[in-house]
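Student: Okay, handing you the structure first.
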Amino acid sequence: MMNKSRRAKRMERHHTRRKQPSLNLVSLMDIFTILVFFLLVSSSSVHQLPKKKDIHLPTSIATKAPKETIIISVTHRNILVQGREVAIISEVMRQDLPLIAGLEKELIFQASKSRVVKGPDGKVKGKAVTIMGDENIPYELLRKILATSREANYTKIAFAAIQKAASGENN
């Protein structure tokens, strides 16, 4: 057997005395817990409408936050309910009918998925819908969408708009 040199023995003793640093997981878990609670609290207070590149919303200075409802999106080419295409605008404008059949069918389907709410007088309350359309859509198309929504018992109708900061000037 070979004898170890004094230097080798000293290095061996030095390495055995030295401990490996440990990772303190308690403080790391505390940080992540605080982060999770912060994200949960901050994300639940804001309702975001889906962004569409081909829809330019009008501006508004309303301060009331919108409620979460079914969204009817009106692009330059088609009408979407919750992201599903229900009608093509060129065909809707060619028709002389006051209602849009595909939109009415989808709205009735969406209403069937939620529970029926009755008022104190026993009548069925109207449901809420948000129309998210370009600021330059034709009035005739908007009238057909409103009539179809009303026919499908969506009587609480809101229009999506970009919120503009209220200025101090009186215009």
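A note on labels: chains of the structure tokens are A, B, ... as shown, every chain counts residues from 1, and ligands are counted from 1 in their shown order.
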Which residues, written as a list in words, have at least one atom at most 12 Å from Ala147 of chain A, with only C-alpha atoms counted and residues fewer than 5 positions away on the same chain left out?
Tutor: Leu97, Pro98, Leu99, Ile100, Ala101, Leu103, Glu104, Glu140, Leu141, Leu142, Ala152, Asn153, Tyr154, Thr155 and Ile157 of chain A
Student: Save the residues we just selected, C-alpha atoms, as a tab-separated table (two decimals), in the first residue's frame?
Tutor:
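Just written: again22.tsv:
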chain	number	residue	atom	x	y	z
A	97	LEU	CA	-85.08	39.34	-43.90
A	98	PRO	CA	-85.13	41.36	-40.66
A	99	LEU	CA	-83.42	38.55	-38.67
A	100	ILE	CA	-80.14	36.67	-39.15
A	101	ALA	CA	-80.95	32.93	-38.99
A	103	LEU	CA	-77.07	34.27	-35.34
A	104	GLU	CA	-80.48	33.49	-33.87
A	140	GLU	CA	-78.77	48.17	-41.49
A	141	LEU	CA	-76.52	45.32	-40.33
A	142	LEU	CA	-76.54	46.61	-36.75
A	152	ALA	CA	-83.58	35.32	-28.98
A	153	ASN	CA	-84.42	37.01	-25.61
A	154	TYR	CA	-81.12	38.88	-25.31
A	155	THR	CA	-82.52	42.22	-24.18
A	157	ILE	CA	-77.35	44.67	-25.05
Student: Can you pull out every residue within 6 Å of Met132 of chain A, counting only C-alpha atoms, but drop anything in the same chain fewer than 3 positions away, and send it as a ChimeraX atom specification?
Tutor: /A:72-73,160
Student: Rounded to one decimal, what separation in Å do you get between atom CA of Tyr139 of chain A and atom CA of Glu106 of chain A?
Tutor: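 Separation between atom CA of Tyr139 of chain A and atom CA of Glu106 of chain A: 21.7 Å.
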Student: Do you have, as a Markdown table, the list of residues of segment 69-89 of chain A lying at most 6 Å from segment 126-131 of chain A, each with its nearest atom pair and that distance in Å to one decimal, counting only C-alpha atoms and ordered by chain then number?
Tutor:
| residue | atom | partner | partner_atom | distance |
| --- | --- | --- | --- | --- |
| A:Thr69 | CA | A:Val129 | CA | 5.3 |
| A:Ile70 | CA | A:Val129 | CA | 4.9 |
| A:Ile71 | CA | A:Thr130 | CA | 4.8 |
| A:Ile72 | CA | A:Ile131 | CA | 4.8 |
Student: Just the selected residues (N, CA and C atoms), exported as a PDB file, in the first residue's frame, please.
Tutor:
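Produced file result.pdb, reproduced below:
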ATOM      1  N   THR A  69     -70.281  38.573 -20.565  1.00  0.00           N
ATOM      2  CA  THR A  69     -71.472  38.156 -21.300  1.00  0.00           C
ATOM      3  C   THR A  69     -71.044  37.421 -22.564  1.00  0.00           C
ATOM      4  N   ILE A  70     -72.040  36.992 -23.319  1.00  0.00           N
ATOM      5  CA  ILE A  70     -71.776  36.412 -24.640  1.00  0.00           C
ATOM      6  C   ILE A  70     -71.354  37.548 -25.561  1.00  0.00           C
ATOM      7  N   ILE A  71     -70.346  37.315 -26.388  1.00  0.00           N
ATOM      8  CA  ILE A  71     -69.809  38.364 -27.249  1.00  0.00           C
ATOM      9  C   ILE A  71     -70.123  38.052 -28.710  1.00  0.00           C
ATOM     10  N   ILE A  72     -70.778  39.023 -29.359  1.00  0.00           N
ATOM     11  CA  ILE A  72     -71.023  38.953 -30.800  1.00  0.00           C
ATOM     12  C   ILE A  72     -69.988  39.856 -31.449  1.00  0.00           C
TER      13      ILE A  72
END
Student: Can you list, as a list in words, every protein, DNA or RNA residue that comes within 10 Å of Glu91 of chain A when you count only C-alpha atoms, leaving out same-chain residues fewer than 4 positions away?
Tutor: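 Everything that qualifies: Arg77, Asn78, Ala87, Gln95 and Ile100 of chain A.
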Student: Calculate how many Å separate atom CA of Thr75 of chain A from atom CA of Val92 of chain A, rounding to one decimal.
Tutor: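 Going from atom CA of Thr75 of chain A over to atom CA of Val92 of chain A covers 12.9 Å.
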Student: Could you tell me, as a ChimeraX atom specification, which residues of segment 75-152 of chain A DSSP assigns to alpha helix (DSSP H) when given the backbone?
Tutor: /A:89-94,101-113,139-151
Student: Can you work out the spacing between atom CA of Phe37 of chain A and atom CA of Leu23 of chain A in Å, to one decimal?
Tutor: 23.6 Å
